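J.: What follows is input-v6.csv, made up of CSV, C-alpha atoms and all ligand atoms:
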```
chain,number,residue,atom,x,y,z
A,1,MET,CA,-13.8,-5.1,27.1
A,2,GLU,CA,-16.4,-2.5,27.8
A,3,ILE,CA,-17.8,-1.0,24.6
A,4,GLU,CA,-18.3,2.7,25.1
A,5,LYS,CA,-19.9,4.0,22.0
A,6,ASP,CA,-18.8,7.0,19.9
A,7,LEU,CA,-15.0,7.2,20.6
A,8,LEU,CA,-14.6,9.9,18.1
A,9,PRO,CA,-16.6,12.9,19.3
A,10,PRO,CA,-19.7,13.4,17.0
A,11,GLU,CA,-18.6,16.9,16.0
A,12,GLU,CA,-15.3,15.5,14.8
A,13,LEU,CA,-17.1,12.9,12.7
A,14,LYS,CA,-19.2,15.6,11.3
A,15,THR,CA,-16.1,17.6,10.2
A,16,LEU,CA,-14.7,14.4,8.7
A,17,PHE,CA,-17.9,13.8,6.8
A,18,SER,CA,-18.4,17.4,5.6
A,19,ASP,CA,-17.4,16.3,2.1
A,20,PRO,CA,-17.4,12.5,2.2
A,21,MET,CA,-16.6,12.3,-1.6
A,22,LYS,CA,-13.2,13.6,-0.7
A,23,LEU,CA,-12.4,10.9,1.8
A,24,GLU,CA,-9.2,9.3,0.8
A,25,PHE,CA,-9.8,5.6,0.1
A,26,GLY,CA,-8.7,3.4,3.1
A,27,LYS,CA,-7.0,6.1,5.1
A,28,THR,CA,-9.5,6.7,7.9
A,29,PHE,CA,-10.8,3.9,10.2
A,30,THR,CA,-13.7,3.7,12.6
A,31,ASP,CA,-13.8,3.5,16.4
A,32,TYR,CA,-13.9,-0.3,16.7
A,33,MET,CA,-12.4,-3.5,15.2
A,34,PHE,CA,-13.3,-7.2,15.3
A,35,THR,CA,-10.6,-9.7,16.3
A,36,MET,CA,-10.5,-13.5,16.7
A,37,GLU,CA,-7.5,-15.7,17.3
A,38,TYR,CA,-6.5,-19.2,16.2
A,39,THR,CA,-4.2,-21.7,17.9
A,40,ARG,CA,-3.5,-25.2,16.6
A,41,LYS,CA,-4.7,-26.6,19.9
A,42,GLU,CA,-7.9,-24.6,20.4
A,43,GLY,CA,-8.9,-23.6,16.9
A,44,TRP,CA,-10.6,-20.2,16.2
A,45,LYS,CA,-11.5,-18.7,19.6
A,46,ASP,CA,-12.1,-15.5,21.5
A,47,PRO,CA,-14.1,-13.4,19.0
A,48,LYS,CA,-14.4,-9.8,20.2
A,49,ILE,CA,-15.0,-6.3,19.3
A,50,GLU,CA,-12.5,-3.8,20.7
A,51,PRO,CA,-11.5,-0.2,20.2
A,52,TYR,CA,-9.4,0.1,17.0
A,53,HIS,CA,-5.8,-0.4,18.1
A,54,PRO,CA,-2.3,-1.1,16.7
A,55,LEU,CA,-1.1,-4.7,16.7
A,56,VAL,CA,2.0,-5.5,18.7
A,57,LEU,CA,3.9,-8.3,17.0
A,58,ASP,CA,7.3,-9.9,17.5
A,59,PRO,CA,9.7,-9.0,14.6
A,60,ALA,CA,10.1,-12.7,14.0
A,61,THR,CA,6.3,-13.1,13.4
A,62,MET,CA,5.7,-15.1,10.2
A,63,MET,CA,3.5,-12.3,9.0
A,64,PHE,CA,6.5,-10.1,8.3
A,65,HIS,CA,8.5,-12.7,6.4
A,66,TYR,CA,6.5,-15.1,4.2
A,67,SER,CA,3.2,-13.4,3.6
A,68,GLN,CA,0.9,-16.3,4.4
A,69,THR,CA,-2.2,-14.0,4.5
A,70,ALA,CA,-5.7,-13.6,3.0
A,71,PHE,CA,-8.1,-10.7,2.9
A,72,GLU,CA,-11.4,-9.6,1.6
A,73,GLY,CA,-12.9,-6.3,0.4
A,74,GLN,CA,-16.6,-5.4,0.7
A,75,LYS,CA,-18.7,-2.3,1.1
A,76,ALA,CA,-21.5,-1.4,3.5
A,77,TYR,CA,-24.1,1.1,2.3
A,78,LYS,CA,-26.9,3.0,4.0
A,79,SER,CA,-30.2,2.7,2.3
A,80,PRO,CA,-32.8,5.5,1.9
A,81,LYS,CA,-34.6,3.8,4.7
A,82,ASP,CA,-31.5,3.9,7.0
A,83,GLU,CA,-30.9,0.2,6.8
A,84,ILE,CA,-27.3,-1.1,6.6
A,85,LEU,CA,-26.8,-3.1,3.4
A,86,LEU,CA,-24.1,-5.4,2.2
A,87,PHE,CA,-23.7,-6.7,-1.3
A,88,ARG,CA,-23.6,-10.5,-1.7
A,89,PRO,CA,-21.5,-10.9,1.5
A,90,GLN,CA,-21.9,-14.7,1.4
A,91,GLU,CA,-19.7,-14.6,-1.7
A,92,ASN,CA,-17.0,-12.9,0.2
A,93,ALA,CA,-17.2,-15.3,3.1
A,94,ARG,CA,-16.9,-18.2,0.6
A,95,ARG,CA,-14.0,-16.6,-1.3
A,96,MET,CA,-12.2,-15.8,2.0
A,97,ASN,CA,-12.3,-19.5,2.7
A,98,ARG,CA,-11.0,-20.4,-0.7
A,99,SER,CA,-8.1,-18.0,-0.2
A,100,LEU,CA,-7.5,-19.3,3.3
A,101,LYS,CA,-7.5,-22.9,2.0
A,102,ARG,CA,-5.0,-22.0,-0.8
A,103,MET,CA,-2.7,-20.4,1.8
A,104,CYS,CA,-3.0,-23.4,4.2
A,105,ILE,CA,-4.8,-21.3,6.8
A,106,PRO,CA,-7.7,-22.9,8.8
A,107,GLU,CA,-11.0,-21.8,7.5
A,108,ILE,CA,-13.6,-19.6,9.3
A,109,SER,CA,-17.2,-20.6,9.2
A,110,GLU,CA,-19.3,-18.5,6.9
A,111,GLU,CA,-21.9,-17.8,9.6
A,112,LEU,CA,-19.2,-16.5,12.0
A,113,PHE,CA,-17.6,-14.4,9.3
A,114,LEU,CA,-21.0,-12.8,8.5
A,115,GLN,CA,-22.0,-12.4,12.2
A,116,ALA,CA,-18.8,-10.7,13.0
A,117,GLU,CA,-19.3,-8.2,10.1
A,118,CYS,CA,-22.9,-7.6,11.1
A,119,GLU,CA,-22.1,-6.9,14.8
A,120,LEU,CA,-19.3,-4.6,14.0
A,121,LEU,CA,-21.3,-2.7,11.3
A,122,THR,CA,-24.3,-2.3,13.7
A,123,LEU,CA,-22.0,-0.8,16.3
A,124,GLU,CA,-20.4,1.5,13.7
A,125,LYS,CA,-23.5,2.5,11.9
A,126,ARG,CA,-22.8,6.3,12.3
A,127,TRP,CA,-19.6,5.8,10.2
A,128,ILE,CA,-21.5,4.8,7.1
A,129,PRO,CA,-21.6,7.9,4.9
A,130,THR,CA,-24.9,8.4,3.1
A,131,GLN,CA,-23.9,10.3,-0.1
A,132,LYS,CA,-24.1,8.3,-3.3
A,133,GLY,CA,-20.6,7.2,-4.2
A,134,THR,CA,-19.5,6.9,-0.6
A,135,SER,CA,-19.7,3.8,1.6
A,136,LEU,CA,-18.1,2.0,4.5
A,137,TYR,CA,-15.3,-0.2,3.2
A,138,VAL,CA,-15.0,-3.5,5.1
A,139,ARG,CA,-11.6,-5.2,5.2
A,140,PRO,CA,-11.5,-8.7,6.8
A,141,THR,CA,-7.9,-10.0,7.0
A,142,VAL,CA,-6.1,-13.1,8.4
A,143,ILE,CA,-2.4,-13.0,9.3
A,144,PRO,CA,-0.1,-15.6,10.7
A,145,THR,CA,1.1,-14.6,14.2
A,146,GLU,CA,3.5,-17.3,15.2
A,147,ALA,CA,7.0,-15.9,15.8
A,148,ILE,CA,9.5,-18.2,14.1
A,149,VAL,CA,11.8,-17.5,11.2
A,150,GLY,CA,12.3,-21.1,10.5
A,151,PRO,CA,11.4,-23.5,7.7
A,152,ILE,CA,8.5,-22.5,5.5
A,153,ARG,CA,5.4,-24.2,6.9
A,154,PRO,CA,1.9,-23.0,7.9
A,155,SER,CA,1.9,-20.9,11.1
A,156,ASP,CA,0.4,-22.5,14.2
A,157,GLU,CA,-1.3,-19.2,15.2
A,158,TYR,CA,-3.3,-16.7,13.3
A,159,LEU,CA,-5.3,-13.5,13.9
A,160,PHE,CA,-8.5,-12.6,12.0
A,161,PHE,CA,-9.5,-9.0,12.2
A,162,ILE,CA,-12.0,-6.8,10.5
A,163,ILE,CA,-11.5,-3.1,10.1
A,164,LEU,CA,-13.9,-0.5,8.6
A,165,SER,CA,-13.0,2.6,6.6
A,166,PRO,CA,-15.4,5.3,5.3
A,167,VAL,CA,-14.6,5.9,1.7
A,168,GLY,CA,-15.3,8.1,-1.3
A,169,PRO,CA,-14.5,7.1,-4.9
A,170,PHE,CA,-11.6,4.8,-5.5
A,171,PHE,CA,-10.0,6.6,-8.4
A,172,LYS,CA,-9.2,10.2,-8.3
A,173,GLU,CA,-10.7,10.3,-11.8
A,174,GLY,CA,-14.1,9.5,-10.2
A,175,PHE,CA,-16.5,7.9,-12.7
A,176,ASN,CA,-14.3,9.0,-15.6
A,177,PRO,CA,-12.2,6.8,-17.8
A,178,VAL,CA,-8.8,5.6,-16.6
A,179,GLY,CA,-5.8,4.7,-18.7
A,180,LEU,CA,-4.2,1.2,-18.5
A,181,LEU,CA,-0.7,0.0,-19.4
A,182,ALA,CA,-0.1,-3.5,-20.8
A,183,ASP,CA,3.5,-4.4,-20.4
A,184,LYS,CA,5.0,-7.7,-21.5
A,185,ALA,CA,7.9,-7.3,-19.1
A,186,TYR,CA,5.7,-8.2,-16.1
A,187,SER,CA,3.1,-10.7,-15.1
A,188,ARG,CA,0.9,-10.9,-12.0
A,189,ALA,CA,0.2,-14.6,-11.6
A,190,ALA,CA,1.2,-17.9,-13.2
A,191,SER,CA,-0.7,-21.2,-13.6
A,192,GLY,CA,-0.4,-23.1,-10.4
A,193,GLY,CA,0.3,-19.9,-8.4
A,194,THR,CA,-1.8,-17.9,-6.1
A,195,GLY,CA,-3.5,-15.5,-8.6
A,196,GLU,CA,-7.0,-16.5,-7.7
A,197,ALA,CA,-6.5,-16.0,-4.0
A,198,LYS,CA,-6.8,-12.6,-2.3
A,199,THR,CA,-3.4,-12.8,-0.7
A,200,GLY,CA,-0.8,-10.2,0.1
A,201,GLY,CA,2.0,-11.5,-2.1
A,202,ASN,CA,0.0,-11.0,-5.3
A,203,TYR,CA,-0.1,-7.3,-4.7
A,204,ALA,CA,3.5,-6.9,-3.4
A,205,GLY,CA,4.6,-8.5,-6.7
A,206,SER,CA,2.5,-6.1,-8.8
A,207,ILE,CA,3.9,-2.8,-7.4
A,208,ALA,CA,6.9,-2.5,-9.7
A,209,ALA,CA,4.7,-2.7,-12.8
A,210,SER,CA,2.2,-0.3,-11.3
A,211,GLN,CA,5.0,2.2,-10.8
A,212,VAL,CA,6.0,1.9,-14.5
A,213,ALA,CA,2.4,2.5,-15.4
A,214,SER,CA,2.0,5.4,-13.1
A,215,ASN,CA,5.2,7.0,-14.3
A,216,LYS,CA,3.9,6.9,-17.8
A,217,GLY,CA,0.6,8.4,-16.8
A,218,TYR,CA,-1.6,5.3,-16.5
A,219,SER,CA,-3.5,4.5,-13.4
A,220,GLN,CA,-3.2,0.7,-13.5
A,221,VAL,CA,-1.7,-2.3,-15.2
A,222,LEU,CA,-3.5,-4.5,-17.7
A,223,TRP,CA,-2.0,-7.8,-16.9
A,224,LEU,CA,-1.2,-10.3,-19.6
A,225,ASP,CA,-0.8,-14.1,-19.0
A,226,ALA,CA,2.5,-15.2,-17.5
A,227,LYS,CA,3.3,-17.8,-20.1
A,228,GLU,CA,2.9,-16.1,-23.5
A,229,HIS,CA,2.4,-12.5,-22.4
A,230,ARG,CA,-0.4,-12.5,-24.9
A,231,TYR,CA,-3.8,-13.1,-23.2
A,232,ILE,CA,-5.5,-10.5,-21.1
A,233,GLU,CA,-6.2,-11.4,-17.6
A,234,GLU,CA,-7.3,-8.5,-15.4
A,235,VAL,CA,-6.3,-5.2,-13.9
A,236,GLY,CA,-4.6,-4.3,-10.5
A,237,ALA,CA,-7.7,-4.8,-8.3
A,238,MET,CA,-10.4,-5.2,-11.0
A,239,ASN,CA,-11.6,-7.7,-13.5
A,240,ILE,CA,-11.8,-6.5,-17.1
A,241,PHE,CA,-14.7,-6.4,-19.6
A,242,PHE,CA,-14.7,-5.5,-23.3
A,243,VAL,CA,-17.7,-4.7,-25.6
A,244,LEU,CA,-16.6,-6.4,-28.8
A,245,ASP,CA,-19.0,-6.7,-31.7
A,246,ASP,CA,-21.8,-5.7,-29.3
A,247,ARG,CA,-21.1,-8.6,-27.0
A,248,LEU,CA,-19.7,-8.4,-23.6
A,249,VAL,CA,-16.4,-10.4,-23.3
A,250,THR,CA,-14.3,-11.1,-20.2
A,251,PRO,CA,-11.4,-13.6,-19.8
A,252,PRO,CA,-12.4,-16.9,-18.2
A,253,LEU,CA,-11.4,-17.9,-14.6
A,254,MET,CA,-8.5,-20.3,-15.1
A,255,GLY,CA,-6.7,-20.0,-11.8
A,256,THR,CA,-4.7,-16.9,-12.4
A,257,ILE,CA,-7.5,-14.4,-12.2
A,258,LEU,CA,-9.2,-13.2,-9.0
A,259,PRO,CA,-12.9,-14.3,-9.2
A,260,GLY,CA,-14.5,-10.9,-8.5
A,261,VAL,CA,-18.0,-10.7,-7.0
A,262,THR,CA,-18.6,-7.6,-9.2
A,263,ARG,CA,-17.5,-9.6,-12.3
A,264,LYS,CA,-19.8,-12.4,-11.4
A,265,SER,CA,-22.7,-10.0,-10.9
A,266,VAL,CA,-22.1,-8.2,-14.2
A,267,LEU,CA,-22.1,-11.6,-16.0
A,268,GLU,CA,-25.3,-12.6,-14.3
A,269,MET,CA,-27.2,-9.4,-15.1
A,270,ALA,CA,-25.9,-8.8,-18.6
A,271,GLY,CA,-28.6,-10.7,-20.4
A,272,ASP,CA,-31.3,-8.9,-18.4
A,273,LEU,CA,-29.8,-5.5,-19.4
A,274,GLY,CA,-29.8,-6.6,-23.1
A,275,ILE,CA,-26.2,-7.6,-23.9
A,276,GLU,CA,-25.0,-11.2,-24.4
A,277,ALA,CA,-21.9,-12.0,-22.2
A,278,GLU,CA,-19.2,-14.4,-23.0
A,279,GLU,CA,-16.2,-15.7,-21.0
A,280,ARG,CA,-13.3,-16.4,-23.4
A,281,LEU,CA,-9.7,-15.8,-24.0
A,282,ILE,CA,-8.9,-12.5,-25.6
A,283,SER,CA,-5.3,-11.7,-26.7
A,284,ILE,CA,-3.8,-8.2,-26.6
A,285,ASP,CA,-3.5,-8.4,-30.4
A,286,GLU,CA,-7.2,-9.1,-30.8
A,287,LEU,CA,-8.0,-6.2,-28.4
A,288,ILE,CA,-5.7,-3.7,-30.2
A,289,GLY,CA,-7.0,-4.8,-33.6
A,290,GLY,CA,-10.6,-4.5,-32.2
A,291,ILE,CA,-9.9,-1.0,-30.9
A,292,THR,CA,-8.3,0.2,-34.2
A,293,SER,CA,-11.0,-1.3,-36.4
A,294,GLY,CA,-13.8,0.1,-34.2
A,295,ARG,CA,-15.1,-3.4,-33.1
A,296,VAL,CA,-14.2,-2.8,-29.5
A,297,THR,CA,-16.5,0.1,-28.5
A,298,GLU,CA,-16.0,0.0,-24.7
A,299,ILE,CA,-13.7,-1.3,-22.0
A,300,PHE,CA,-14.4,-1.2,-18.3
A,301,GLY,CA,-13.1,-2.7,-15.1
A,302,THR,CA,-15.2,-4.3,-12.3
A,303,GLY,CA,-14.4,-4.5,-8.6
A,304,THR,CA,-15.9,-3.6,-5.2
A,305,ALA,CA,-13.7,-0.5,-4.7
A,306,ALA,CA,-14.7,1.3,-8.0
A,307,VAL,CA,-17.7,-0.9,-8.8
A,308,ILE,CA,-17.4,-0.1,-12.6
A,309,SER,CA,-14.4,1.8,-13.9
A,310,PRO,CA,-14.6,2.9,-17.6
A,311,VAL,CA,-11.3,2.6,-19.4
A,312,GLY,CA,-10.5,5.2,-22.1
A,313,ARG,CA,-6.9,4.5,-23.0
A,314,ILE,CA,-4.7,1.4,-23.4
A,315,SER,CA,-1.0,1.7,-23.8
A,316,TYR,CA,0.9,-1.3,-25.4
A,317,ASP,CA,4.2,-1.5,-27.1
A,318,GLU,CA,4.8,2.3,-26.8
A,319,GLU,CA,1.5,3.1,-28.6
A,320,GLU,CA,-1.6,4.5,-27.0
A,321,TYR,CA,-5.0,3.3,-28.2
A,322,VAL,CA,-8.0,5.4,-27.3
A,323,VAL,CA,-11.4,3.7,-26.7
A,324,ASN,CA,-14.8,5.4,-27.1
A,325,ASN,CA,-13.1,8.9,-27.4
A,326,ASN,CA,-11.9,8.4,-23.9
A,327,GLU,CA,-15.4,8.9,-22.7
A,328,THR,CA,-17.6,6.8,-20.4
A,329,GLY,CA,-19.6,4.4,-22.5
A,330,TYR,CA,-23.2,3.4,-22.5
A,331,TRP,CA,-22.6,-0.1,-21.0
A,332,ALA,CA,-20.2,1.1,-18.3
A,333,LYS,CA,-22.8,3.6,-17.2
A,334,LYS,CA,-25.7,1.1,-17.5
A,335,PHE,CA,-23.9,-1.5,-15.3
A,336,PHE,CA,-22.7,1.2,-12.9
A,337,ASP,CA,-26.2,2.7,-12.4
A,338,THR,CA,-27.9,-0.7,-12.1
A,339,LEU,CA,-25.3,-2.2,-9.7
A,340,THR,CA,-25.0,0.9,-7.5
A,341,GLY,CA,-28.8,1.3,-7.6
A,342,ILE,CA,-29.2,-2.2,-6.2
A,343,GLN,CA,-26.4,-1.8,-3.7
A,344,TYR,CA,-27.8,1.4,-2.2
A,345,GLY,CA,-31.3,-0.1,-2.0
A,346,GLU,CA,-32.7,2.3,-4.6
A,347,LEU,CA,-33.5,-0.2,-7.3
A,348,GLU,CA,-35.5,-3.4,-7.0
A,349,ASP,CA,-33.2,-6.3,-6.0
A,350,LYS,CA,-34.6,-9.0,-8.2
A,351,TYR,CA,-31.5,-11.2,-7.8
A,352,GLY,CA,-31.6,-11.3,-4.0
A,353,TRP,CA,-28.1,-9.8,-3.8
A,354,VAL,CA,-28.7,-7.3,-1.1
A,355,TYR,CA,-28.2,-8.4,2.5
A,356,GLU,CA,-29.7,-6.3,5.3
A,357,VAL,CA,-27.6,-6.2,8.4
A,358,GLU,CA,-30.0,-6.8,11.4
A,401,LIG,C1,-10.6,-7.9,-5.2
A,401,LIG,C2,-10.1,-8.0,-6.6
A,401,LIG,C3,-10.9,-8.0,-7.7
A,401,LIG,C4,-12.4,-7.6,-7.7
A,401,LIG,O1,-13.1,-8.5,-6.9
A,401,LIG,P1,-14.5,-8.0,-6.3
A,401,LIG,O2,-15.0,-9.1,-5.6
A,401,LIG,O3,-15.4,-7.6,-7.5
A,401,LIG,O4,-14.2,-6.8,-5.5
A,401,LIG,C5,-10.3,-8.2,-9.0
A,401,LIG,N1,-9.0,-8.4,-9.1
A,401,LIG,C6,-8.2,-8.5,-8.0
A,401,LIG,C7,-6.7,-8.7,-8.2
A,401,LIG,C8,-8.7,-8.2,-6.7
A,401,LIG,O5,-7.9,-8.3,-5.7
```
How would this structure read if it were set down as structure tokens?
T.:
Amino acid sequence: MEIEKDLLPPEELKTLFSDPMKLEFGKTFTDYMFTMEYTRKEGWKDPKIEPYHPLVLDPATMMFHYSQTAFEGQKAYKSPKDEILLFRPQENARRMNRSLKRMCIPEISEELFLQAECELLTLEKRWIPTQKGTSLYVRPTVIPTEAIVGPIRPSDEYLFFIILSPVGPFFKEGFNPVGLLADKAYSRAASGGTGEAKTGGNYAGSIAASQVASNKGYSQVLWLDAKEHRYIEEVGAMNIFFVLDDRLVTPPLMGTILPGVTRKSVLEMAGDLGIEAEERLISIDELIGGITSGRVTEIFGTGTAAVISPVGRISYDEEEYVVNNNETGYWAKKFFDTLTGIQYGELEDKYGWVYEVE
């Protein structure tokens, strides 16, 4: 298809970007999208960039029934030198393939995944907002497209697409503490399940608990393990960190937790920023005890969408526990400033995490 640039008239984009901090997360999409199809016979084929368009699918398409899907979430930033930057995109390509493998979907080569993102981002450069705190969210997704409501088996056909959305802050709170609800009545992922894959069903299953949290005035759920409802796992779309006895503690990856790229980065940079990090089990009782005794001085979530999200309140068993006076803590700010500084190309990237889109 002929690529005619600038589908949205420039003056309309200007209006849309008049206050990019107010862009609702994931609501607006750019002019173009990337697509590639898979058939059992021919493999992945026909990669192309086309104007953003709706998908027309048979109601019997497996997509609508059994959720054999996988997706990723990344952000593209514009540097002060007007370069397009991605943050550790190789990690996303690799994780996409781990999710695909878990869902019995044929893998996509990392080179192709990255190349597709780069070509689409280069074409859509004008859609990357520049204000700090804003970015162009990248959402690669694979769905099964075979139309058959038959036995549960892998689809014979898939569609891979990448869409882009200019975004402001993820939480309406901005970089202010959020409240979390821990509820023993629900769990997100069980041992042997799909918790470590970025796949649709994990999120569908979490909505009921999120609504309970939201109705009680908490922005997300603090998930406990499915077996004992005792050990802390993660938050809706974030991994979780505690500052306990001046050490950084996060639950270990044991199959039920999504292995976040932000989580990994925080763990890798902690020592350099002056705090020792530890991956270990932490129970809700230890956390509550630590908050009430003052040993837990900070809590924050990590994820691409919010980068670092300070947590100021935890609700558990009908009690609310306030952390750090419900204020943003030293370490949350330190990690946020350092990570976003690297991501926006403002700070030296001594880890080699920034990927420049050519
Ligand atoms: C995507 C996601 C995260 C965060 O992963 P990042 O790679 O840091 O964005 C954490 N938990 C869940 C459930 C997620 O879906």
J.: Tell me, counting only C-alpha atoms and all ligand atoms, for each residue of chain A within 6 Å of ligand LIG 401 (chain A), which pair of atoms is nearest and how far apart they are in Å to one decimal, in rows ordered by chain and increasing number, as JSON lines.
T.:
```
{"residue": "A:Lys198", "atom": "CA", "partner": "A:LIG401", "partner_atom": "O5", "distance": 5.6}
{"residue": "A:Gly236", "atom": "CA", "partner": "A:LIG401", "partner_atom": "C7", "distance": 5.4}
{"residue": "A:Ala237", "atom": "CA", "partner": "A:LIG401", "partner_atom": "C6", "distance": 3.7}
{"residue": "A:Met238", "atom": "CA", "partner": "A:LIG401", "partner_atom": "C5", "distance": 3.6}
{"residue": "A:Asn239", "atom": "CA", "partner": "A:LIG401", "partner_atom": "C5", "distance": 4.7}
{"residue": "A:Leu258", "atom": "CA", "partner": "A:LIG401", "partner_atom": "N1", "distance": 4.8}
{"residue": "A:Gly260", "atom": "CA", "partner": "A:LIG401", "partner_atom": "O1", "distance": 3.2}
{"residue": "A:Val261", "atom": "CA", "partner": "A:LIG401", "partner_atom": "O2", "distance": 3.7}
{"residue": "A:Thr262", "atom": "CA", "partner": "A:LIG401", "partner_atom": "O3", "distance": 3.6}
{"residue": "A:Arg263", "atom": "CA", "partner": "A:LIG401", "partner_atom": "O3", "distance": 5.6}
{"residue": "A:Thr302", "atom": "CA", "partner": "A:LIG401", "partner_atom": "O3", "distance": 5.8}
{"residue": "A:Gly303", "atom": "CA", "partner": "A:LIG401", "partner_atom": "O3", "distance": 3.4}
{"residue": "A:Thr304", "atom": "CA", "partner": "A:LIG401", "partner_atom": "O4", "distance": 3.6}
```
J.: Restrict the selected residues to C-alpha atoms and save them as a PDB file, in the coordinates of the input.
T.:
```
ATOM      1  CA  LYS A 198      -6.800 -12.600  -2.300  1.00  0.00           C
ATOM      2  CA  GLY A 236      -4.600  -4.300 -10.500  1.00  0.00           C
ATOM      3  CA  ALA A 237      -7.700  -4.800  -8.300  1.00  0.00           C
ATOM      4  CA  MET A 238     -10.400  -5.200 -11.000  1.00  0.00           C
ATOM      5  CA  ASN A 239     -11.600  -7.700 -13.500  1.00  0.00           C
ATOM      6  CA  LEU A 258      -9.200 -13.200  -9.000  1.00  0.00           C
ATOM      7  CA  GLY A 260     -14.500 -10.900  -8.500  1.00  0.00           C
ATOM      8  CA  VAL A 261     -18.000 -10.700  -7.000  1.00  0.00           C
ATOM      9  CA  THR A 262     -18.600  -7.600  -9.200  1.00  0.00           C
ATOM     10  CA  ARG A 263     -17.500  -9.600 -12.300  1.00  0.00           C
ATOM     11  CA  THR A 302     -15.200  -4.300 -12.300  1.00  0.00           C
ATOM     12  CA  GLY A 303     -14.400  -4.500  -8.600  1.00  0.00           C
ATOM     13  CA  THR A 304     -15.900  -3.600  -5.200  1.00  0.00           C
TER      14      THR A 304
END
```
J.: Give me the residues near Val266 of chain A as a PyMOL selection string, where near means some atom within 12 Å (using all atoms listed in the file) and where sequence neighbours in that chain fewer than 4 positions away do not count.
T.: chain A and resi 239-241+248-250+260-262+270-279+300-304+307-308+331-332+334-340+351
J.: Could you please take those selected residues and save C-alpha atoms as a tab-separated table (two decimals), in the frame of the given file?
T.:
```
chain	number	residue	atom	x	y	z
A	239	ASN	CA	-11.60	-7.70	-13.50
A	240	ILE	CA	-11.80	-6.50	-17.10
A	241	PHE	CA	-14.70	-6.40	-19.60
A	248	LEU	CA	-19.70	-8.40	-23.60
A	249	VAL	CA	-16.40	-10.40	-23.30
A	250	THR	CA	-14.30	-11.10	-20.20
A	260	GLY	CA	-14.50	-10.90	-8.50
A	261	VAL	CA	-18.00	-10.70	-7.00
A	262	THR	CA	-18.60	-7.60	-9.20
A	270	ALA	CA	-25.90	-8.80	-18.60
A	271	GLY	CA	-28.60	-10.70	-20.40
A	272	ASP	CA	-31.30	-8.90	-18.40
A	273	LEU	CA	-29.80	-5.50	-19.40
A	274	GLY	CA	-29.80	-6.60	-23.10
A	275	ILE	CA	-26.20	-7.60	-23.90
A	276	GLU	CA	-25.00	-11.20	-24.40
A	277	ALA	CA	-21.90	-12.00	-22.20
A	278	GLU	CA	-19.20	-14.40	-23.00
A	279	GLU	CA	-16.20	-15.70	-21.00
A	300	PHE	CA	-14.40	-1.20	-18.30
A	301	GLY	CA	-13.10	-2.70	-15.10
A	302	THR	CA	-15.20	-4.30	-12.30
A	303	GLY	CA	-14.40	-4.50	-8.60
A	304	THR	CA	-15.90	-3.60	-5.20
A	307	VAL	CA	-17.70	-0.90	-8.80
A	308	ILE	CA	-17.40	-0.10	-12.60
A	331	TRP	CA	-22.60	-0.10	-21.00
A	332	ALA	CA	-20.20	1.10	-18.30
A	334	LYS	CA	-25.70	1.10	-17.50
A	335	PHE	CA	-23.90	-1.50	-15.30
A	336	PHE	CA	-22.70	1.20	-12.90
A	337	ASP	CA	-26.20	2.70	-12.40
A	338	THR	CA	-27.90	-0.70	-12.10
A	339	LEU	CA	-25.30	-2.20	-9.70
A	340	THR	CA	-25.00	0.90	-7.50
A	351	TYR	CA	-31.50	-11.20	-7.80
```
J.: Report, in Å to a single decimal, how far apart atom CA of Ala306 of chain A and atom CA of Phe25 of chain A are.
T.: 10.4 Å
J.: What does the distance from atom CA of Glu72 of chain A to atom CA of Glu117 of chain A come to in Å, to one decimal?
T.: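 Separation between atom CA of Glu72 of chain A and atom CA of Glu117 of chain A: 11.7 Å.
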J.: I want to know what sits within 12 Å of Ser155 of chain A, based on only C-alpha atoms, with residues of the same chain fewer than 3 positions away left out; could you give that as an NGL selection string?
T.: :A and (38-40 or 60-63 or 65-69 or 103-106 or 142-152 or 158-159)
J.: Which one of A:Leu136, A:Ala189, A:Ala116, A:Ala204 sits closest to Ile257 of chain A if you count only C-alpha atoms?
T.: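 Selected residue with least distance to Ile257 of chain A: A:Ala189.
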J.: Contacts of Glu298 of chain A at 7 Å or less, counting only C-alpha atoms, minus same-chain residues fewer than 6 places along, as a list in words?
T.: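 Skipping anything fewer than 6 positions along the chain leaves Phe242, Val243, Val323, Asn324 and Gly329 of chain A.
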J.: Select, from A:Pro169, A:Thr328, A:Lys125, A:Leu287, the residue with the minimum atom-to-atom distance to Glu83 of chain A, counting all atoms listed in the file.
T.: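 Among A:Pro169, A:Thr328, A:Lys125, A:Leu287, it is A:Lys125 that comes nearest to Glu83 of chain A.
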J.: Could you give me, as a ChimeraX atom specification, the residues within 12 Å of Glu286 of chain A, counting only C-alpha atoms and dropping anything in the same chain fewer than 3 positions from it?
T.: /A:230-232,242,244,249,281-283,289-296
J.: Using all atoms listed in the file for the distances, tell me which of A:Pro140, A:Gly312, A:Gly193, A:Pro10 is nearest to Phe34 of chain A.
T.: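 Checking each candidate against Phe34 of chain A, we get A:Pro140 as the closest.
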J.: Just checking: using only C-alpha atoms, which residue out of A:Tyr316, A:Tyr355, A:Phe175, A:Tyr330 ends up closest to Thr297 of chain A?
T.: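 Of A:Tyr316, A:Tyr355, A:Phe175, A:Tyr330, the one nearest Thr297 of chain A is A:Tyr330, counting only C-alpha atoms.
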J.: Set the distance at 7 Å and use all atoms listed in the file: which residues neighbour Pro20 of chain A once local chain neighbours fewer than 2 positions away are removed? I'd like the list as a count of residues only.
T.: 7
J.: Can you check which parts of segment 223-294 of chain A lie within 9 Å of segment 194-197 of chain A? Per residue, the shortest pair of atoms and distance in Å to one decimal, counting all atoms listed in the file, sorted by chain and number, as JSON lines.
T.:
```
{"residue": "A:Leu253", "atom": "CA", "partner": "A:Glu196", "partner_atom": "CA", "distance": 8.3}
{"residue": "A:Met254", "atom": "CA", "partner": "A:Glu196", "partner_atom": "CA", "distance": 8.5}
{"residue": "A:Gly255", "atom": "CA", "partner": "A:Glu196", "partner_atom": "CA", "distance": 5.4}
{"residue": "A:Thr256", "atom": "CA", "partner": "A:Gly195", "partner_atom": "CA", "distance": 4.2}
{"residue": "A:Ile257", "atom": "CA", "partner": "A:Glu196", "partner_atom": "CA", "distance": 5.0}
{"residue": "A:Leu258", "atom": "CA", "partner": "A:Glu196", "partner_atom": "CA", "distance": 4.2}
{"residue": "A:Pro259", "atom": "CA", "partner": "A:Glu196", "partner_atom": "CA", "distance": 6.5}
```
